[in-house]
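Colleague: Dropping in run27.csv, which is CSV, C-alpha atoms:
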chain,number,residue,atom,x,y,z
A,1,MET,CA,3.0,-6.5,-24.5
A,2,PRO,CA,0.6,-9.4,-24.0
A,3,GLU,CA,0.4,-10.5,-20.4
A,4,ALA,CA,1.3,-14.2,-21.1
A,5,PRO,CA,2.5,-16.2,-24.0
A,6,ALA,CA,-0.9,-17.8,-24.6
A,7,THR,CA,0.0,-18.9,-28.1
A,8,ALA,CA,3.7,-19.7,-27.3
A,9,GLU,CA,5.1,-22.8,-28.9
A,10,PRO,CA,5.5,-25.9,-26.7
A,11,ALA,CA,9.3,-25.5,-26.8
A,12,ALA,CA,9.1,-22.0,-25.4
A,13,LEU,CA,6.7,-23.2,-22.7
A,14,ARG,CA,9.2,-26.0,-21.7
A,15,MET,CA,11.9,-23.4,-21.4
A,16,LEU,CA,9.7,-21.3,-19.2
A,17,ASP,CA,8.9,-24.3,-17.1
A,18,ALA,CA,12.6,-25.0,-16.7
A,19,ALA,CA,13.2,-21.4,-15.7
A,20,GLU,CA,10.5,-21.6,-13.1
A,21,ALA,CA,12.0,-24.8,-11.7
A,22,LEU,CA,15.4,-23.1,-11.5
A,23,ILE,CA,13.9,-20.1,-9.7
A,24,ARG,CA,12.1,-22.4,-7.3
A,25,ARG,CA,15.2,-24.4,-6.5
A,26,HIS,CA,18.0,-21.8,-6.7
A,27,GLY,CA,16.5,-18.3,-6.6
A,28,PRO,CA,16.0,-15.7,-9.3
A,29,ALA,CA,19.7,-15.4,-10.3
A,30,LYS,CA,19.4,-18.8,-12.0
A,31,ALA,CA,16.8,-17.8,-14.5
A,32,THR,CA,19.3,-17.4,-17.4
A,33,VAL,CA,19.5,-18.6,-20.9
A,34,VAL,CA,22.6,-20.7,-20.1
A,35,ASP,CA,21.0,-22.3,-17.1
A,36,VAL,CA,17.8,-23.1,-18.9
A,37,ALA,CA,19.7,-24.6,-21.8
A,38,ARG,CA,21.7,-26.8,-19.5
A,39,ALA,CA,18.6,-27.9,-17.6
A,40,LEU,CA,17.0,-29.0,-20.8
A,41,GLY,CA,20.2,-30.5,-22.3
A,42,MET,CA,20.0,-28.3,-25.3
A,43,SER,CA,22.2,-25.6,-26.9
A,44,HIS,CA,22.1,-21.9,-25.9
A,45,GLY,CA,21.1,-21.1,-29.5
A,46,ASN,CA,18.0,-23.1,-29.2
A,47,VAL,CA,16.9,-21.1,-26.2
A,48,TYR,CA,17.9,-17.8,-27.8
A,49,ARG,CA,15.7,-18.6,-30.8
A,50,HIS,CA,12.7,-18.2,-28.5
A,51,PHE,CA,14.1,-15.7,-26.0
A,52,PRO,CA,16.6,-13.4,-27.6
A,53,SER,CA,18.2,-12.3,-24.3
A,54,LYS,CA,18.3,-13.1,-20.6
A,55,ALA,CA,16.0,-10.1,-20.1
A,56,ALA,CA,13.4,-11.5,-22.6
A,57,LEU,CA,13.5,-14.8,-20.8
A,58,ARG,CA,13.0,-13.3,-17.4
A,59,GLU,CA,10.3,-11.0,-18.6
A,60,ALA,CA,8.4,-13.9,-20.0
A,61,VAL,CA,8.8,-15.7,-16.7
A,62,VAL,CA,7.4,-12.7,-14.8
A,63,ALA,CA,4.5,-12.3,-17.3
A,64,ARG,CA,3.5,-16.0,-16.9
A,65,TRP,CA,3.7,-15.7,-13.2
A,66,LEU,CA,1.4,-12.7,-13.2
A,67,HIS,CA,-0.9,-14.4,-15.6
A,68,ALA,CA,-1.5,-17.1,-13.1
A,69,VAL,CA,-3.4,-14.5,-11.1
A,70,VAL,CA,-5.3,-13.1,-14.0
A,71,GLU,CA,-6.5,-16.4,-15.5
A,72,PRO,CA,-9.0,-17.4,-12.7
A,73,LEU,CA,-10.4,-13.8,-12.9
A,74,GLU,CA,-11.3,-13.9,-16.5
A,75,PRO,CA,-14.5,-16.1,-16.1
A,76,ILE,CA,-15.8,-13.6,-13.5
A,77,VAL,CA,-15.8,-10.7,-16.0
A,78,THR,CA,-18.1,-12.6,-18.4
A,79,GLY,CA,-20.0,-14.4,-15.7
A,80,PRO,CA,-23.8,-14.6,-15.3
A,81,GLU,CA,-24.2,-12.5,-12.1
A,82,GLU,CA,-25.3,-8.9,-12.1
A,83,ALA,CA,-22.6,-6.3,-12.4
A,84,PRO,CA,-22.5,-5.2,-8.8
A,85,ALA,CA,-22.1,-8.8,-7.5
A,86,ARG,CA,-19.5,-9.5,-10.2
A,87,LEU,CA,-17.5,-6.4,-9.3
A,88,ALA,CA,-17.4,-7.4,-5.7
A,89,ARG,CA,-16.5,-11.0,-6.6
A,90,TYR,CA,-13.8,-9.9,-9.0
A,91,ILE,CA,-12.0,-7.8,-6.3
A,92,ARG,CA,-12.6,-10.4,-3.6
A,93,THR,CA,-11.1,-13.1,-5.8
A,94,LEU,CA,-8.2,-10.9,-6.8
A,95,ALA,CA,-7.4,-10.3,-3.1
A,96,GLY,CA,-7.6,-14.0,-2.3
A,97,LEU,CA,-5.3,-15.0,-5.2
A,98,LYS,CA,-2.7,-12.3,-4.2
A,99,ARG,CA,-2.8,-13.3,-0.6
A,100,GLN,CA,-2.2,-16.9,-1.6
A,101,LYS,CA,0.7,-15.9,-3.8
A,102,VAL,CA,2.3,-13.7,-1.2
A,103,LEU,CA,1.8,-15.8,1.9
A,104,GLY,CA,1.5,-19.4,0.5
A,105,ASP,CA,5.2,-19.7,-0.4
A,106,PRO,CA,7.0,-16.5,0.8
A,107,GLU,CA,10.4,-17.5,-0.5
A,108,LEU,CA,9.1,-18.2,-4.0
A,109,PHE,CA,7.2,-15.0,-3.9
A,110,ALA,CA,10.3,-13.1,-2.9
A,111,ALA,CA,12.2,-14.6,-5.8
A,112,TYR,CA,9.5,-13.6,-8.3
A,113,HIS,CA,9.1,-10.2,-6.7
A,114,LEU,CA,12.8,-9.5,-7.3
A,115,LEU,CA,12.3,-10.5,-11.0
A,116,ALA,CA,9.2,-8.3,-11.2
A,117,GLU,CA,11.1,-5.3,-9.9
A,118,GLU,CA,13.4,-5.8,-12.9
A,119,HIS,CA,10.5,-5.9,-15.4
A,120,ARG,CA,8.1,-3.1,-14.5
A,121,ASP,CA,6.7,-3.3,-18.0
A,122,ALA,CA,5.3,-6.8,-17.3
A,123,VAL,CA,3.9,-5.5,-14.0
A,124,ALA,CA,2.3,-2.5,-15.7
A,125,ALA,CA,0.7,-4.8,-18.3
A,126,HIS,CA,-0.7,-6.9,-15.5
A,127,VAL,CA,-2.2,-3.9,-13.8
A,128,ALA,CA,-3.6,-2.7,-17.1
A,129,THR,CA,-5.3,-6.1,-17.6
A,130,LEU,CA,-6.9,-5.9,-14.1
A,131,ARG,CA,-8.1,-2.4,-14.8
A,132,GLN,CA,-9.6,-3.4,-18.2
A,133,HIS,CA,-11.5,-6.2,-16.5
A,134,VAL,CA,-13.0,-3.9,-13.9
A,135,ALA,CA,-13.8,-1.3,-16.5
A,136,THR,CA,-15.6,-4.0,-18.5
A,137,ILE,CA,-17.8,-4.9,-15.5
A,138,LEU,CA,-18.4,-1.2,-14.9
A,139,ARG,CA,-19.6,-0.7,-18.5
A,140,GLN,CA,-21.9,-3.7,-18.2
A,141,GLY,CA,-23.4,-2.3,-15.0
A,142,GLN,CA,-23.8,1.0,-16.7
A,143,ALA,CA,-25.7,-0.6,-19.6
A,144,ALA,CA,-27.9,-2.4,-17.1
A,145,GLY,CA,-28.7,0.8,-15.2
A,146,ASP,CA,-26.8,-0.2,-12.0
A,147,TRP,CA,-24.8,3.0,-11.9
A,148,ARG,CA,-23.6,5.9,-14.0
A,149,VAL,CA,-19.9,6.0,-14.5
A,150,PRO,CA,-18.7,8.7,-16.9
A,151,ASP,CA,-15.2,7.3,-17.2
A,152,PRO,CA,-15.1,3.6,-16.6
A,153,ASP,CA,-11.3,3.3,-17.0
A,154,ALA,CA,-10.6,6.0,-14.4
A,155,THR,CA,-13.2,4.5,-12.0
A,156,ALA,CA,-11.7,1.0,-12.5
A,157,GLN,CA,-8.3,2.4,-11.4
A,158,LEU,CA,-9.9,4.1,-8.5
A,159,LEU,CA,-11.6,0.9,-7.3
A,160,LEU,CA,-8.4,-1.1,-7.6
A,161,GLU,CA,-6.6,1.6,-5.6
A,162,ALA,CA,-9.3,1.8,-3.0
A,163,THR,CA,-8.9,-1.9,-2.4
A,164,MET,CA,-5.1,-2.0,-2.7
A,165,ARG,CA,-4.7,-2.7,1.0
A,166,PHE,CA,-6.1,-6.2,0.2
A,167,HIS,CA,-4.2,-7.1,-3.0
A,168,HIS,CA,-1.0,-5.1,-3.1
A,169,PRO,CA,1.9,-7.5,-2.3
A,170,HIS,CA,3.7,-5.2,0.0
A,171,LEU,CA,0.6,-4.5,2.1
A,172,VAL,CA,-0.6,-8.1,2.1
A,173,ARG,CA,2.8,-9.1,3.5
A,174,GLU,CA,2.9,-6.2,5.9
A,175,GLN,CA,-0.2,-7.5,7.6
A,176,ALA,CA,0.0,-11.2,7.0
A,177,ALA,CA,-1.5,-12.1,10.4
A,178,ASP,CA,-4.5,-9.9,9.8
A,179,GLU,CA,-7.5,-12.3,10.1
A,180,THR,CA,-10.2,-9.6,10.0
A,181,ALA,CA,-9.1,-8.5,6.5
A,182,PRO,CA,-11.7,-10.5,4.5
A,183,ALA,CA,-14.6,-9.1,6.6
A,184,ARG,CA,-13.1,-5.5,6.2
A,185,LEU,CA,-12.8,-6.0,2.4
A,186,GLU,CA,-16.5,-7.1,2.3
A,187,ALA,CA,-17.5,-3.9,4.1
A,188,LEU,CA,-15.4,-1.8,1.8
A,189,LEU,CA,-16.8,-3.5,-1.3
A,190,ALA,CA,-20.3,-2.8,-0.1
A,191,LEU,CA,-19.5,0.9,0.5
A,192,LEU,CA,-17.8,1.3,-2.9
A,193,VAL,CA,-20.7,-0.4,-4.7
A,194,LYS,CA,-23.1,1.9,-2.9
A,195,GLY,CA,-21.0,4.9,-3.8
A,196,LEU,CA,-21.1,3.9,-7.5
A,197,GLY,CA,-24.9,3.6,-7.8
A,198,PRO,CA,-27.7,4.0,-8.3
A,199,ALA,CA,-27.5,5.5,-11.8
B,13,MET,CA,1.2,5.5,24.8
B,14,PRO,CA,0.5,9.1,24.1
B,15,GLU,CA,1.5,10.1,20.6
B,16,ALA,CA,3.7,13.0,21.6
B,17,PRO,CA,5.2,14.4,24.8
B,18,ALA,CA,2.8,17.3,24.8
B,19,THR,CA,3.5,18.0,28.5
B,20,ALA,CA,7.2,17.1,28.4
B,21,GLU,CA,9.6,19.3,30.3
B,22,PRO,CA,11.7,21.8,28.4
B,23,ALA,CA,14.8,19.7,29.1
B,24,ALA,CA,13.3,16.6,27.5
B,25,LEU,CA,12.3,18.6,24.5
B,26,ARG,CA,15.8,19.9,24.1
B,27,MET,CA,17.1,16.4,24.2
B,28,LEU,CA,14.6,15.4,21.5
B,29,ASP,CA,15.7,18.4,19.4
B,30,ALA,CA,19.3,17.3,19.8
B,31,ALA,CA,18.4,13.7,18.8
B,32,GLU,CA,16.6,15.0,15.7
B,33,ALA,CA,19.5,17.2,14.7
B,34,LEU,CA,21.8,14.1,15.1
B,35,ILE,CA,19.5,12.0,12.9
B,36,ARG,CA,19.3,14.8,10.3
B,37,ARG,CA,23.1,15.1,10.2
B,38,HIS,CA,24.3,11.5,10.8
B,39,GLY,CA,21.4,9.1,10.3
B,40,PRO,CA,19.3,7.1,12.7
B,41,ALA,CA,22.2,5.2,14.3
B,42,LYS,CA,23.2,8.5,16.0
B,43,ALA,CA,20.0,8.9,18.0
B,44,THR,CA,21.5,7.5,21.3
B,45,VAL,CA,21.6,8.7,24.9
B,46,VAL,CA,25.4,9.0,24.7
B,47,ASP,CA,25.3,11.1,21.5
B,48,VAL,CA,22.5,13.4,22.8
B,49,ALA,CA,24.4,14.0,26.1
B,50,ARG,CA,27.6,14.8,24.2
B,51,ALA,CA,25.7,17.2,21.8
B,52,LEU,CA,24.2,19.0,24.7
B,53,GLY,CA,27.4,19.0,26.8
B,54,MET,CA,25.7,17.2,29.7
B,55,SER,CA,26.1,13.9,31.6
B,56,HIS,CA,24.5,10.7,30.4
B,57,GLY,CA,22.7,10.5,33.7
B,58,ASN,CA,20.9,13.7,32.9
B,59,VAL,CA,19.5,12.3,29.7
B,60,TYR,CA,18.7,8.9,31.3
B,61,ARG,CA,16.6,10.8,33.9
B,62,HIS,CA,14.2,11.7,31.0
B,63,PHE,CA,14.7,8.7,28.8
B,64,PRO,CA,15.6,5.6,30.7
B,65,SER,CA,17.0,3.8,27.7
B,66,LYS,CA,18.1,4.3,24.1
B,67,ALA,CA,14.9,2.6,23.1
B,68,ALA,CA,12.8,5.1,25.1
B,69,LEU,CA,14.7,8.0,23.5
B,70,ARG,CA,14.2,6.7,20.0
B,71,GLU,CA,10.6,5.9,20.6
B,72,ALA,CA,10.0,9.5,21.8
B,73,VAL,CA,11.7,10.8,18.7
B,74,VAL,CA,9.5,8.7,16.4
B,75,ALA,CA,6.4,9.7,18.4
B,76,ARG,CA,7.2,13.4,18.0
B,77,TRP,CA,7.9,12.9,14.3
B,78,LEU,CA,4.6,11.2,13.7
B,79,HIS,CA,2.9,13.9,15.8
B,80,ALA,CA,4.0,16.5,13.3
B,81,VAL,CA,1.6,14.9,10.9
B,82,VAL,CA,-1.2,14.7,13.4
B,83,GLU,CA,-1.0,18.3,14.7
B,84,PRO,CA,-2.3,20.1,11.6
B,85,LEU,CA,-5.1,17.6,11.4
B,86,GLU,CA,-6.6,18.3,14.8
B,87,PRO,CA,-8.3,21.6,13.9
B,88,ILE,CA,-10.1,19.9,11.0
B,89,VAL,CA,-11.8,17.4,13.4
B,90,THR,CA,-13.4,20.2,15.3
B,91,GLY,CA,-13.8,22.6,12.4
B,92,PRO,CA,-17.0,24.4,11.3
B,93,GLU,CA,-17.7,22.6,8.0
B,94,GLU,CA,-20.3,19.9,7.7
B,95,ALA,CA,-19.1,16.4,8.4
B,96,PRO,CA,-18.9,15.2,4.8
B,97,ALA,CA,-16.7,18.1,3.8
B,98,ARG,CA,-14.6,17.7,6.9
B,99,LEU,CA,-14.1,14.0,6.3
B,100,ALA,CA,-12.8,14.8,2.8
B,101,ARG,CA,-10.7,17.6,4.0
B,102,TYR,CA,-9.2,15.5,6.8
B,103,ILE,CA,-8.1,12.7,4.4
B,104,ARG,CA,-6.9,15.1,1.7
B,105,THR,CA,-4.8,17.0,4.3
B,106,LEU,CA,-3.4,13.7,5.7
B,107,ALA,CA,-2.4,12.7,2.2
B,108,GLY,CA,-0.7,16.0,1.5
B,109,LEU,CA,1.2,16.0,4.8
B,110,LYS,CA,2.4,12.4,4.2
B,111,ARG,CA,3.4,13.2,0.7
B,112,GLN,CA,5.4,16.1,1.9
B,113,LYS,CA,7.1,14.0,4.6
B,114,VAL,CA,8.0,11.2,2.2
B,115,LEU,CA,9.0,13.2,-0.8
B,116,GLY,CA,10.1,16.5,0.6
B,117,ASP,CA,13.3,15.2,2.2
B,118,PRO,CA,13.7,11.5,1.2
B,119,GLU,CA,16.9,10.9,3.1
B,120,LEU,CA,15.4,12.2,6.4
B,121,PHE,CA,12.3,10.3,5.7
B,122,ALA,CA,14.4,7.1,5.2
B,123,ALA,CA,16.1,7.7,8.5
B,124,TYR,CA,12.9,8.1,10.5
B,125,HIS,CA,11.3,5.3,8.6
B,126,LEU,CA,14.0,3.0,9.9
B,127,LEU,CA,13.4,4.2,13.5
B,128,ALA,CA,9.7,3.7,13.1
B,129,GLU,CA,10.2,0.1,12.0
B,130,GLU,CA,11.9,-0.4,15.4
B,131,HIS,CA,9.1,1.2,17.3
B,132,ARG,CA,5.9,-0.3,15.9
B,133,ASP,CA,4.0,0.7,19.1
B,134,ALA,CA,4.5,4.4,18.3
B,135,VAL,CA,3.3,3.8,14.7
B,136,ALA,CA,0.3,1.9,16.0
B,137,ALA,CA,-0.5,4.7,18.4
B,138,HIS,CA,-0.3,7.2,15.5
B,139,VAL,CA,-2.6,5.1,13.3
B,140,ALA,CA,-5.0,4.8,16.3
B,141,THR,CA,-5.1,8.6,16.6
B,142,LEU,CA,-5.9,9.0,12.9
B,143,ARG,CA,-8.7,6.5,13.2
B,144,GLN,CA,-10.1,8.2,16.3
B,145,HIS,CA,-10.2,11.5,14.4
B,146,VAL,CA,-12.1,10.0,11.5
B,147,ALA,CA,-14.4,8.2,13.8
B,148,THR,CA,-15.2,11.4,15.6
B,149,ILE,CA,-16.1,13.1,12.3
B,150,LEU,CA,-18.3,10.0,11.4
B,151,ARG,CA,-20.1,10.3,14.7
B,152,GLN,CA,-20.7,14.0,14.1
B,153,GLY,CA,-22.1,13.3,10.7
B,154,GLN,CA,-24.3,10.6,12.1
B,155,ALA,CA,-25.7,13.0,14.6
B,156,ALA,CA,-26.4,15.6,11.9
B,157,GLY,CA,-28.1,13.0,9.7
B,158,ASP,CA,-25.5,12.9,7.0
B,159,TRP,CA,-25.2,9.1,7.1
B,160,ARG,CA,-25.9,6.0,9.2
B,161,VAL,CA,-22.7,4.3,10.4
B,162,PRO,CA,-23.3,1.5,12.9
B,163,ASP,CA,-19.7,1.1,13.8
B,164,PRO,CA,-17.8,4.4,13.4
B,165,ASP,CA,-14.4,2.9,14.5
B,166,ALA,CA,-14.6,0.1,12.0
B,167,THR,CA,-15.7,2.5,9.3
B,168,ALA,CA,-12.9,4.9,10.1
B,169,GLN,CA,-10.4,2.1,9.7
B,170,LEU,CA,-12.1,1.2,6.4
B,171,LEU,CA,-11.9,4.8,5.0
B,172,LEU,CA,-8.3,5.1,6.0
B,173,GLU,CA,-7.5,1.8,4.3
B,174,ALA,CA,-9.5,2.7,1.2
B,175,THR,CA,-7.4,5.9,0.8
B,176,MET,CA,-4.1,4.2,1.8
B,177,ARG,CA,-2.7,4.5,-1.7
B,178,PHE,CA,-2.5,8.3,-1.0
B,179,HIS,CA,-1.0,8.3,2.5
B,180,HIS,CA,0.9,5.1,3.1
B,181,PRO,CA,4.6,6.0,3.0
B,182,HIS,CA,5.6,2.9,0.9
B,183,LEU,CA,2.9,3.6,-1.7
B,184,VAL,CA,3.5,7.4,-1.8
B,185,ARG,CA,7.2,6.7,-2.5
B,186,GLU,CA,6.4,4.0,-5.0
B,187,GLN,CA,4.5,6.4,-7.2
B,188,ALA,CA,6.3,9.7,-6.4
B,189,ALA,CA,6.0,11.0,-9.9
B,190,ASP,CA,2.3,10.4,-10.1
B,191,GLU,CA,0.9,13.9,-10.8
B,192,THR,CA,-2.7,12.8,-11.2
B,193,ALA,CA,-2.9,11.4,-7.6
B,194,PRO,CA,-4.6,14.5,-6.1
B,195,ALA,CA,-7.4,14.4,-8.7
B,196,ARG,CA,-7.8,10.6,-8.2
B,197,LEU,CA,-8.0,11.1,-4.4
B,198,GLU,CA,-10.8,13.7,-4.9
B,199,ALA,CA,-12.8,11.2,-7.1
B,200,LEU,CA,-12.3,8.5,-4.5
B,201,LEU,CA,-13.3,10.7,-1.6
B,202,ALA,CA,-16.5,11.7,-3.5
B,203,LEU,CA,-17.3,8.0,-4.1
B,204,LEU,CA,-16.7,7.1,-0.4
B,205,VAL,CA,-18.8,9.9,0.9
B,206,LYS,CA,-21.6,9.0,-1.4
B,207,GLY,CA,-21.2,5.4,-0.3
B,208,LEU,CA,-21.5,6.4,3.4
B,209,GLY,CA,-24.7,8.4,3.0
B,210,PRO,CA,-27.5,9.4,3.0
B,211,ALA,CA,-28.6,8.1,6.4
Kindly return the structure encoded in the file as C-alpha cells.

Modeller:
Amino acid sequence: MPEAPATAEPAALRMLDAAEALIRRHGPAKATVVDVARALGMSHGNVYRHFPSKAALREAVVARWLHAVVEPLEPIVTGPEEAPARLARYIRTLAGLKRQKVLGDPELFAAYHLLAEEHRDAVAAHVATLRQHVATILRQGQAAGDWRVPDPDATAQLLLEATMRFHHPHLVREQAADETAPARLEALLALLVKGLGPA
Amino acid sequence: MPEAPATAEPAALRMLDAAEALIRRHGPAKATVVDVARALGMSHGNVYRHFPSKAALREAVVARWLHAVVEPLEPIVTGPEEAPARLARYIRTLAGLKRQKVLGDPELFAAYHLLAEEHRDAVAAHVATLRQHVATILRQGQAAGDWRVPDPDATAQLLLEATMRFHHPHLVREQAADETAPARLEALLALLVKGLGPA
C-alpha cells in the first residue's frame, strides 16, 4: 500500500480534506462516508466511488496524516551532505516532527492515534518507508566508505529502534516535559554513527 | 527512597506477601490496609504500624515488584567478565526479565502496572538503580581502558534509552510476538559497545 495518495484525483483529496476537518471538529467517529458526503453536499455514491468503504476512507486519512511526517524527510535522503551527517539529520528531523505532531495539538493527535490503531497496515507502511529511507542513506555511506553495513535494511530498523525513545508517539507523550531530550538524542546519534563506522 | 525493603521486619514482609496475593487474586484495588489486615487476621492498627497509609502499602508493593527485576542484575555488575561483555549481559538480562514480567502473566502485569502508574516515585527509583548499575560498569570499563566516557551517568541513561525497545513494558507488550527481538538486541548491543570504544 502506498503511504499517501500522491496521485489521487482532486475530488478524492477534497473528500480527505473534509474527513480531516470532521475529525478536527468532532473526533475520529465522524470520519465516515456519510458525514463526508453531507459536509461536501454530495451523494454517498460519489464518495463511495473514491473510497469503497468507511474503512478505506479512514485508512486513506491515516495514510495522509502519516505522510505529512514523511514528506519533509524525503529531501534529506537525497541531500548533499555526507551520509553520517545525513543519517543524524534524518533521525533528528523525524524526532522533531513526531514531537510536534504529538505535543503540538494533543487532542488532534489522540483522534488520529485512535484511527491509526484501527489501521495498522497504514502504520506498518509508514514505518517501512522510514526504514527504506535510512537504509538508502546507509547504502550511500557504504559506497562512500563511511562504514561497512552487511545488511542495510536490518541496520536501518536497528537505528530507528535505538532512537525510538525520541520518535515513538507513546514515549514522546510519556516524557513531554523532558527538555534535555534533544541534547540526549544528539549524544546518542554520535554514539550510533561511531558504532557504525569506520568501514 | 530505597527500591526494596531489604531490611524490613518479617511482619512487614508478611503484609507485603498478603497484599501481593490479594492483587494476584482480586486485582490492584484489593491492595489496601483493611484487606491485608483481614487476610492476615490482624487489626488494622497492626498493619498501619508498618505502613502508615494505603499509599505507603501500595508503594512498598510496587517497590518490591520492581526489585524482583533488579535483584538478578546485581551480580552482573560485580561479575568477573570484562566491562564490555558485562554491559551487554546486563542489558540482555534486563530485557529478558522485563519480557518475562510483561508477557509471562499479562493479567498480573496489568495489575502491577496500574499500581506503578500511581507510584511514579517508586518507578523513578527503579530506573535510577538501573542507571547506577550501568554507570558502574561504564566506570569500570573506563578504568580498564575499554572506552572513554566523560559522563558515565549520562551515558548510562543513553544506553538504557537506546535499548528501551527491548525492556520498556509498553514496547515489549506492543510487539509481544516479535521473535527476532533477541537477535536484534544483540546487534544493537554490539553497535553500542563499538560506539563507546575504544578509549

Colleague: Just the number, please: distance in Å from CA of Pro80 in chain A to CA of Gly141 in chain A, one decimal.

Modeller: 12.3 Å

Colleague: Just give me the gap between CA of Pro84 in chain B and CA of Arg104 in chain B in Å, one decimal is fine.

Modeller: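 Interatomic distance here is 12.0 Å.
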
Colleague: Find the distance between CA of Ala37 in chain A and CA of Asp121 in chain A and write it in Å to one decimal.

Modeller: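 So the two atoms, CA of Ala37 in chain A and CA of Asp121 in chain A, lie 25.2 Å apart.
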
Colleague: Tell me as a PyMOL selection string which residues belonging to chain A come within 10 Å of chain B, counting only C-alpha atoms.

Modeller: chain A and resi 154-155+157-166+168+170-171+184-185+187-197

Colleague: Name all residues at most 9 Å from range 96-102 of chain B (count only C-alpha atoms; drop same-chain ones fewer than 4 positions away) and give them as a list in words.

Modeller: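 The neighbour list is Leu85, Glu86, Ile88, Val89, Thr90, Gly91, Pro92, Leu106, Ala107, His145, Val146, Ile149, Leu150, Gly153, Asp158, Glu198, Leu201, Ala202 and Val205 of chain B.
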
Colleague: Of the candidates B:Leu127, B:Ala193, B:Leu120, B:Ala24, which one gets nearest to Ala41 in chain B if we count all atoms listed in the file?

Modeller: B:Leu127

Colleague: What would the list of residues within 12 Å of (17.0, 12.3, 5.8) (file frame) look like as a list in words, if all atoms listed in the file are what count?

Modeller: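 Taken together, the residues in range are Glu32, Ala33, Leu34, Ile35, Arg36, Arg37, His38, Gly39, Pro40, Lys113, Val114, Leu115, Gly116, Asp117, Pro118, Glu119, Leu120, Phe121, Ala122, Ala123, Tyr124, His125, Leu126 and Leu127 of chain B.
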
Colleague: What lies within 10 Å of Asp47 in chain B using only C-alpha atoms, ignoring chain neighbours under 5 positions off, as a PyMOL selection string?

Modeller: chain B and resi 30-31+34+41-42+52-53+56
